[in-house]
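Peer 1: Structure file coords28.txt (compact mmCIF, C-alpha atoms (C1' of nucleotides)) right here:
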```
# COMPACT_ATOMS: atom_id res chain seq x y z
CA MET A 23 157.34 138.57 220.17
CA THR A 24 155.44 136.28 217.87
CA SER A 25 153.19 137.55 215.17
CA LEU A 26 149.43 137.46 215.51
CA ALA A 27 149.03 134.81 212.91
CA ASN A 28 151.33 131.90 213.46
CA LEU A 29 150.78 130.22 210.16
CA HIS A 30 151.35 126.55 209.62
CA THR A 31 154.85 127.02 210.90
CA ASP A 32 155.95 126.40 214.43
CA LEU A 33 153.11 124.10 215.30
CA THR A 34 154.06 121.15 217.43
CA LYS A 35 153.53 117.64 216.19
CA ASN A 36 150.35 117.15 218.16
CA GLN A 37 148.98 120.48 217.07
CA SER A 38 149.70 119.68 213.43
CA LEU A 39 148.00 116.33 213.71
CA VAL A 40 144.88 117.81 215.26
CA LEU A 41 144.74 120.60 212.72
CA SER A 42 145.11 118.09 209.90
CA ALA A 43 142.29 115.99 211.25
CA LEU A 44 140.04 119.04 211.32
CA SER A 45 141.13 120.32 207.93
CA ASN A 46 140.51 116.97 206.27
CA ALA A 47 137.05 116.63 207.78
CA ASN A 48 133.97 117.83 205.92
CA GLY A 49 132.40 119.17 209.06
CA PRO A 50 132.96 119.84 212.72
CA LEU A 51 134.59 117.18 214.88
CA SER A 52 134.30 116.58 218.58
CA ALA A 53 137.46 116.28 220.62
CA TYR A 54 136.81 112.59 221.15
CA THR A 55 136.29 111.97 217.45
CA ILE A 56 139.63 113.60 216.82
CA LEU A 57 141.14 111.42 219.49
CA ASP A 58 139.83 108.29 217.83
CA GLU A 59 141.17 109.36 214.47
CA LEU A 60 144.59 110.05 215.92
CA ARG A 61 144.94 106.86 217.90
CA VAL A 62 146.72 105.44 214.88
CA GLU A 63 149.23 108.26 215.33
CA GLY A 64 149.78 107.31 218.93
CA PHE A 65 147.24 109.50 220.69
CA ARG A 66 145.93 107.88 223.85
CA ALA A 67 144.22 110.47 226.04
CA PRO A 68 141.73 113.32 225.62
CA LEU A 69 144.17 115.80 227.03
CA GLN A 70 146.46 115.40 224.08
CA VAL A 71 143.63 116.63 221.90
CA TYR A 72 142.37 119.35 224.21
CA ARG A 73 145.80 120.82 224.74
CA ALA A 74 146.38 121.03 221.00
CA LEU A 75 142.91 122.48 220.44
CA ASP A 76 143.48 125.17 223.04
CA LYS A 77 146.54 126.36 221.22
CA LEU A 78 144.99 126.14 217.79
CA VAL A 79 142.01 128.17 218.94
CA GLU A 80 144.39 130.68 220.50
CA PHE A 81 146.24 130.94 217.17
CA GLY A 82 142.96 131.47 215.35
CA LEU A 83 143.39 128.36 213.24
CA VAL A 84 140.47 126.53 214.80
CA HIS A 85 137.09 127.65 216.07
CA ARG A 86 134.96 126.10 218.73
CA LEU A 87 131.26 125.69 218.00
CA GLU A 88 129.60 126.20 221.35
CA SER A 89 126.21 124.91 220.33
CA LEU A 90 127.74 121.68 219.07
CA ASN A 91 130.59 121.10 221.51
CA ALA A 92 132.75 120.59 218.48
CA PHE A 93 135.55 122.21 216.53
CA VAL A 94 136.21 123.30 212.96
CA ALA A 95 139.27 124.46 211.11
CA CYS A 96 139.11 128.14 210.28
CA GLN A 97 137.89 128.54 206.73
CA HIS A 98 140.02 131.57 205.99
CA PRO A 99 143.19 131.05 207.95
CA GLY A 100 145.63 133.87 208.10
CA CYS A 101 142.95 136.50 207.93
CA GLU A 102 142.11 138.97 210.61
CA GLY A 103 139.02 139.22 212.69
CA HIS A 104 138.97 135.85 214.34
CA GLU A 105 137.14 137.51 217.19
CA SER A 106 134.20 138.26 214.96
CA SER A 107 133.61 135.09 213.06
CA ALA A 108 130.15 133.61 212.88
CA PHE A 109 128.69 130.35 211.66
CA MET A 110 125.75 128.90 209.84
CA ILE A 111 125.21 125.31 210.86
CA CYS A 112 122.98 123.06 208.81
CA ASP A 113 121.16 120.67 211.12
CA THR A 114 120.28 118.46 208.18
CA CYS A 115 123.58 117.79 206.46
CA GLY A 116 125.90 118.98 209.19
CA HIS A 117 127.69 121.47 207.01
CA VAL A 118 129.18 124.48 208.74
CA GLU A 119 129.80 127.70 206.90
CA GLU A 120 131.92 130.33 208.53
CA PHE A 121 131.18 133.91 207.68
CA SER A 122 132.15 137.37 208.73
CA ASP A 123 129.98 140.42 208.34
CA ASN A 124 131.12 143.91 209.03
CA ALA A 125 127.69 145.32 209.77
CA LEU A 126 127.05 142.51 212.22
CA THR A 127 130.36 142.99 213.97
CA LYS A 128 129.83 146.72 214.21
CA ARG A 129 126.33 146.31 215.58
CA LEU A 130 127.43 143.90 218.27
CA SER A 131 130.28 146.19 219.16
CA LYS A 132 127.95 149.16 219.46
CA LEU A 133 125.45 147.26 221.57
CA ALA A 134 128.25 146.36 223.93
CA THR A 135 129.80 149.78 224.24
CA ASP A 136 126.40 151.38 224.72
CA VAL A 137 126.13 149.60 228.06
CA GLU A 138 129.83 149.83 228.84
CA PHE A 139 130.32 146.15 228.27
CA ASN A 140 133.94 145.34 227.51
CA LEU A 141 133.53 142.83 224.73
CA GLN A 142 136.13 140.06 224.57
CA LYS A 143 134.59 137.41 222.39
CA THR A 144 131.42 136.92 220.43
CA THR A 145 129.62 133.70 219.70
CA VAL A 146 127.23 133.80 216.77
CA GLU A 147 125.85 130.50 215.59
CA LEU A 148 122.88 130.23 213.25
CA ARG A 149 121.08 126.93 213.16
CA GLY A 150 118.78 125.83 210.39
CA SER A 151 119.04 124.12 207.05
CA CYS A 152 121.20 125.19 204.18
CA GLY A 153 120.18 125.83 200.60
CA GLY A 154 121.10 122.35 199.47
CA CYS A 155 118.92 120.77 202.13
CA LYS A 156 115.34 121.63 201.36
CA THR A 157 113.54 120.65 204.53
CA ALA A 158 109.93 119.75 203.93
CA MET B 25 95.66 124.68 220.37
CA THR B 26 97.69 126.26 223.13
CA SER B 27 98.83 129.83 222.97
CA LEU B 28 102.38 130.66 222.14
CA ALA B 29 103.12 131.91 225.60
CA ASN B 30 102.01 129.49 228.25
CA LEU B 31 102.47 131.81 231.18
CA HIS B 32 103.01 130.49 234.62
CA THR B 33 99.85 128.50 234.27
CA ASP B 34 99.68 124.88 233.26
CA LEU B 35 103.21 124.08 234.22
CA THR B 36 103.70 120.74 235.86
CA LYS B 37 105.08 120.51 239.34
CA ASN B 38 108.58 119.66 238.17
CA GLN B 39 108.55 122.42 235.59
CA SER B 40 107.46 124.94 238.22
CA LEU B 41 110.17 123.87 240.60
CA VAL B 42 112.87 124.16 237.97
CA LEU B 43 111.60 127.54 236.82
CA SER B 44 111.53 128.79 240.41
CA ALA B 45 115.09 127.69 240.98
CA LEU B 46 116.19 129.61 237.92
CA SER B 47 114.11 132.67 238.70
CA ASN B 48 115.46 132.91 242.23
CA ALA B 49 119.06 132.61 241.10
CA ASN B 50 121.16 135.68 240.36
CA GLY B 51 122.77 134.07 237.39
CA PRO B 52 122.74 131.06 235.16
CA LEU B 53 122.54 127.59 236.65
CA SER B 54 123.72 124.29 235.32
CA ALA B 55 121.29 121.42 235.19
CA TYR B 56 123.19 119.64 237.92
CA THR B 57 123.17 122.67 240.17
CA ILE B 58 119.42 122.81 239.75
CA LEU B 59 119.25 119.14 240.57
CA ASP B 60 121.16 119.67 243.80
CA GLU B 61 118.93 122.55 244.81
CA LEU B 62 115.83 120.50 244.17
CA ARG B 63 116.90 117.37 245.98
CA VAL B 64 115.14 118.76 249.00
CA GLU B 65 111.99 118.75 246.89
CA GLY B 66 112.48 115.11 246.03
CA PHE B 67 114.45 115.34 242.83
CA ARG B 68 116.78 112.40 242.37
CA ALA B 69 117.95 112.18 238.78
CA PRO B 70 119.26 114.52 236.06
CA LEU B 71 116.47 113.55 233.74
CA GLN B 72 113.91 115.16 235.98
CA VAL B 73 115.71 118.43 235.47
CA TYR B 74 116.45 118.02 231.78
CA ARG B 75 112.89 117.09 230.94
CA ALA B 76 111.56 120.15 232.70
CA LEU B 77 114.20 122.35 231.08
CA ASP B 78 113.30 121.06 227.63
CA LYS B 79 109.72 122.12 228.11
CA LEU B 80 110.56 125.46 229.68
CA VAL B 81 112.87 126.28 226.81
CA GLU B 82 110.15 125.22 224.40
CA PHE B 83 107.71 127.56 226.15
CA GLY B 84 110.21 130.39 225.95
CA LEU B 85 110.44 130.75 229.72
CA VAL B 86 114.03 129.61 229.92
CA HIS B 87 117.03 130.07 227.67
CA ARG B 88 120.02 127.89 227.27
CA LEU B 89 123.44 129.53 227.24
CA GLU B 90 125.47 127.44 224.86
CA SER B 91 128.83 128.86 225.77
CA LEU B 92 128.22 128.09 229.44
CA ASN B 93 126.24 124.86 229.30
CA ALA B 94 123.81 126.53 231.63
CA PHE B 95 120.30 127.94 231.77
CA VAL B 96 118.67 131.22 232.72
CA ALA B 97 115.10 132.29 233.24
CA CYS B 98 113.88 134.57 230.48
CA GLN B 99 114.21 138.15 231.63
CA HIS B 100 111.11 139.34 229.83
CA PRO B 101 108.72 136.43 229.93
CA GLY B 102 105.58 136.65 227.92
CA CYS B 103 107.22 138.76 225.27
CA GLU B 104 107.69 137.76 221.68
CA GLY B 105 110.89 137.10 219.85
CA HIS B 106 112.34 134.33 221.90
CA GLU B 107 114.01 133.18 218.74
CA SER B 108 116.05 136.34 218.60
CA SER B 109 117.26 136.85 222.11
CA ALA B 110 120.90 137.49 222.76
CA PHE B 111 123.06 137.66 225.84
CA MET B 112 125.92 139.57 227.36
CA ILE B 113 127.78 137.41 229.82
CA CYS B 114 130.18 138.97 232.30
CA ASP B 115 133.08 136.60 232.88
CA THR B 116 134.05 138.49 235.99
CA CYS B 117 130.88 138.61 238.04
CA GLY B 118 128.88 136.02 236.18
CA HIS B 119 125.98 138.33 235.47
CA VAL B 120 123.95 137.59 232.36
CA GLU B 121 121.99 140.29 230.63
CA GLU B 122 119.48 139.30 228.01
CA PHE B 123 118.84 141.72 225.22
CA SER B 124 117.04 141.90 221.95
CA ASP B 125 117.97 144.17 219.10
CA ASN B 126 115.94 144.64 216.01
CA ALA B 127 118.81 145.68 213.77
CA LEU B 128 120.80 142.66 214.87
CA THR B 129 117.92 140.28 214.26
CA LYS B 130 117.26 141.76 210.85
CA ARG B 131 120.88 141.58 209.86
CA LEU B 132 121.17 137.94 210.82
CA SER B 133 117.99 137.19 208.99
CA LYS B 134 119.23 138.91 205.86
CA LEU B 135 122.58 137.14 205.99
CA ALA B 136 120.74 133.86 206.15
CA THR B 137 118.25 134.47 203.40
CA ASP B 138 121.01 135.82 201.14
CA VAL B 139 122.47 132.33 201.02
CA GLU B 140 119.12 130.55 201.13
CA PHE B 141 119.74 129.38 204.65
CA ASN B 142 116.50 128.54 206.42
CA LEU B 143 117.12 130.02 209.83
CA GLN B 144 115.60 128.18 212.76
CA LYS B 145 117.43 129.45 215.77
CA THR B 146 120.15 131.96 216.53
CA THR B 147 122.71 131.88 219.28
CA VAL B 148 124.32 135.19 220.14
CA GLU B 149 126.43 135.30 223.26
CA LEU B 150 128.82 138.13 224.02
CA ARG B 151 131.52 137.44 226.52
CA GLY B 152 133.46 140.09 228.36
CA SER B 153 133.15 142.18 231.48
CA CYS B 154 130.23 144.38 232.38
CA GLY B 155 130.27 148.03 233.37
CA GLY B 156 130.34 147.25 237.05
CA CYS B 157 133.38 145.04 236.68
CA LYS B 158 136.29 147.17 235.59
CA THR B 159 138.89 144.65 234.56
CA ALA B 160 142.40 145.96 234.95
C1' DC C 28 178.33 126.83 232.48
C1' DA C 29 174.65 126.49 235.87
C1' DC C 30 170.34 127.76 236.96
C1' DA C 31 165.58 128.89 236.82
C1' DA C 32 161.57 129.48 234.08
C1' DT C 33 158.69 128.05 230.44
C1' DT C 34 156.50 124.96 227.52
C1' DG C 35 154.95 120.70 225.66
C1' DC C 36 154.10 116.09 226.53
C1' DG C 37 152.21 111.46 228.69
C1' DT C 38 149.23 109.09 231.93
C1' DA C 39 145.66 108.20 235.25
C1' DA C 40 141.86 109.62 237.51
C1' DT C 41 138.01 112.31 238.04
C1' DG C 42 134.24 115.44 237.27
C1' DC C 43 130.63 117.59 234.63
C1' DT C 44 126.98 117.40 231.03
C1' DA C 45 123.40 114.87 228.65
C1' DT C 46 120.74 110.95 226.91
C1' DA C 47 118.95 105.99 226.20
C1' DA C 48 115.97 102.59 227.63
C1' DC C 49 112.63 100.70 230.47
C1' DG C 50 108.43 100.82 233.01
C1' DT C 51 104.41 103.28 235.69
C1' DG C 52 100.35 106.19 236.22
C1' DT C 53 96.91 109.48 234.66
C1' DG C 54 93.65 111.86 231.74
C1' DC C 55 91.13 112.04 227.69
C1' DA C 56 88.81 110.90 223.51
C1' DA C 57 87.18 107.52 219.95
C1' DT D 11 87.19 100.08 227.31
C1' DT D 12 90.54 100.66 224.52
C1' DG D 13 94.11 103.30 222.75
C1' DC D 14 96.79 107.32 222.85
C1' DA D 15 99.53 111.15 224.63
C1' DC D 16 102.06 112.82 228.17
C1' DA D 17 104.45 113.44 232.49
C1' DC D 18 107.03 110.97 235.65
C1' DG D 19 110.61 107.78 238.13
C1' DT D 20 114.78 104.96 237.96
C1' DT D 21 118.97 102.89 236.32
C1' DA D 22 122.50 102.83 233.42
C1' DT D 23 125.35 104.67 230.04
C1' DA D 24 127.35 107.93 226.80
C1' DG D 25 129.77 112.12 225.71
C1' DC D 26 132.55 116.21 226.93
C1' DA D 27 136.27 118.37 229.67
C1' DT D 28 139.59 119.11 233.47
C1' DT D 29 142.68 118.23 237.59
C1' DA D 30 146.82 116.48 239.19
C1' DC D 31 151.25 114.53 238.84
C1' DG D 32 155.65 113.91 236.81
C1' DC D 33 159.09 114.04 232.99
C1' DA D 34 161.78 116.02 229.06
C1' DA D 35 163.30 119.67 226.03
C1' DT D 36 164.12 124.57 225.32
C1' DT D 37 165.36 129.11 226.33
C1' DG D 38 167.09 133.09 228.53
C1' DT D 39 170.05 134.91 232.08
C1' DG D 40 173.59 135.76 235.56
```
Before anything else, please render the file you have as structure tokens.
Peer 2:
Amino acid sequence: MTSLANLHTDLTKNQSLVLSALSNANGPLSAYTILDELRVEGFRAPLQVYRALDKLVEFGLVHRLESLNAFVACQHPGCEGHESSAFMICDTCGHVEEFSDNALTKRLSKLATDVEFNLQKTTVELRGSCGGCKTA
Amino acid sequence: MTSLANLHTDLTKNQSLVLSALSNANGPLSAYTILDELRVEGFRAPLQVYRALDKLVEFGLVHRLESLNAFVACQHPGCEGHESSAFMICDTCGHVEEFSDNALTKRLSKLATDVEFNLQKTTVELRGSCGGCKTA
DNA sequence: CACAATTGCGTAATGCTATAACGTGTGCAA
DNA sequence: TTGCACACGTTATAGCATTACGCAATTGTG
């Protein structure tokens, strides 16, 4: 039985490469952007990226941003609660800030159980502009 | 100046057709599914659907489900708070339930303002299985 | 050891989702 | 009547994701 959090260990080569690409990026990357960056490493097809991403998401090391069709490295790897992470996405500078809020998680959980909804995964993505980007 | 809620009035023909397709459906539809359904009405290209969808979303009559790349008719048209709607999506039966919760909206708003994030739009999508679908 | 089962990988092809770019027609207001 | 805004139609293209096939390495088991 493997532990919940497979840390940096026991990643395959492709998985490590994809995770590195995401970790080194300032913001979210699309699968095809990752592919282009890893062509120098020998990547040739989208599936090489998608397969690695699937695993990394499963391990909780990477999150998918649904509203962007893109991926980010988890900003607090090794922590719990990957099912409850949420994101603020700045539409001006592209910065993505991952956050986790207990009250929010609890509220969503209660809303679900109140209607007997068996909650598996939550997607919370806030779009707007961040403090550094004063939109006129 | 047009009112916030353009009800069923003053929709163009294409917009009406797309809205009807969504309203008659039991669940969310992809843009291409809508296109196929409306070929009989003379639709020929994706852009006809996407342009109508853009407007309908702008009017608050239709919502986009980011985690599904699909669209649903608003389940309480004419109401306020289209910026704060949220969804429970049953992965078993495909049913989508739209809901709105004041505490949730307030919490998200507070989380944003606390970090000087200028919130424009929120995406909240809960995935799981609904009461009617007892997953083993 | 031999075997089956699992897992990751590589490649090619395909399918689904969304937009760019161009031009037309209509209604309205300066 | 001129200019503008807007909806529309069409073609082409861009961007995102999966299906299908086969091979190689690993592991657990009888």
Peer 1: Just how far from CA of Leu90 (chain A) is CA of Gly154 (chain A), in Å to one decimal?
Peer 2: 20.7 Å
Peer 1: Excluding DA56 (chain C) and its own-chain neighbours fewer than 2 positions away, which residues fall within 10 Å of it when counting only C-alpha atoms (C1' of nucleotides)? Please give them as a list in words.
Peer 2: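 These residues fall inside the cut-off: DG54 of chain C; DG13 and DC14 of chain D.
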Peer 1: I want to know what sits within 10 Å of Cys152 (chain A), based on all atoms listed in the file, with residues of the same chain fewer than 6 positions away left out; could you give that as a list of chain:residue names?
Peer 2: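 Answer for this query is A:Met110, A:Ile111, A:Cys112, A:Asp113, A:Thr114, A:Cys115, A:Gly116, A:His117, A:Val118, A:Glu119, B:Ala136, B:Thr137, B:Val139, B:Glu140, B:Phe141, B:Asn142, B:Leu143.
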Peer 1: Please report as JSON, numbers by chain which residues of chain C come no farther than 9 Å from chain B, using only C-alpha atoms (C1' of nucleotides).
Peer 2: {"C": [43, 44, 45, 46]}
Peer 1: May I have the selected residues written with C-alpha atoms (C1' of nucleotides), as a PDB file, keeping the file's coordinate frame?
Peer 2:
```pdb
ATOM      1  C1'  DC C  43     130.630 117.590 234.630  1.00  0.00           C
ATOM      2  C1'  DT C  44     126.980 117.400 231.030  1.00  0.00           C
ATOM      3  C1'  DA C  45     123.400 114.870 228.650  1.00  0.00           C
ATOM      4  C1'  DT C  46     120.740 110.950 226.910  1.00  0.00           C
TER       5       DT C  46
END
```
Peer 1: May I have the residues of chain A within 6 Å of chain B, counting only C-alpha atoms, written as number ranges by chain?
Peer 2: A: 88-89, 138-153
Peer 1: Compile the residues of chain D that lie within 9 Å of chain B, evaluated using only C-alpha atoms (C1' of nucleotides), and express the compilation as number ranges by chain.
Peer 2: D: 17-20
Peer 1: If you keep C-alpha atoms (C1' of nucleotides), can you produce a file of those selected residues as a CSV table (one decimal), in the frame of the given file?
Peer 2:
```
chain,number,residue,atom,x,y,z
D,17,DA,C1',104.4,113.4,232.5
D,18,DC,C1',107.0,111.0,235.6
D,19,DG,C1',110.6,107.8,238.1
D,20,DT,C1',114.8,105.0,238.0
```
Peer 1: CA of Phe81 (chain A) and C1' of DG37 (chain C) are how many Å apart?
Peer 2: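 Interatomic distance here is 23.4 Å.
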Peer 1: Give the centre and edge lengths of an axis-aligned box, in Å to one decimal, that holds all listed atoms of region 15-31 of chain D with 5 Å on each side, as lines of an AutoDock Vina configuration file.
Peer 2:
```
center_x = 125.4
center_y = 111.0
center_z = 231.9
size_x = 61.7
size_y = 26.3
size_z = 24.6
```
Peer 1: Rounded to one decimal place, report the C1' of DT23 (chain D)-CA of Lys79 (chain B) distance in Å.
Peer 2: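 Answer for the C1' of DT23 (chain D) to CA of Lys79 (chain B) separation: 23.5 Å.
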Peer 1: Counting all atoms listed in the file, note down every residue that has an atom within 12 Å of the point (142.9, 108.2, 237.4) (file coordinates), as a PyMOL selection string.
Peer 2: (chain A and resi 67) or (chain C and resi 38-42) or (chain D and resi 29-31)
Peer 1: Can you tell me which residues surround His98 (chain A) at a distance of at most 10 Å, considering only C-alpha atoms (C1' of nucleotides), apart from same-chain residues fewer than 5 positions away, and format the answer as a PyMOL selection string?
Peer 2: chain A and resi 82-83+104+120-121
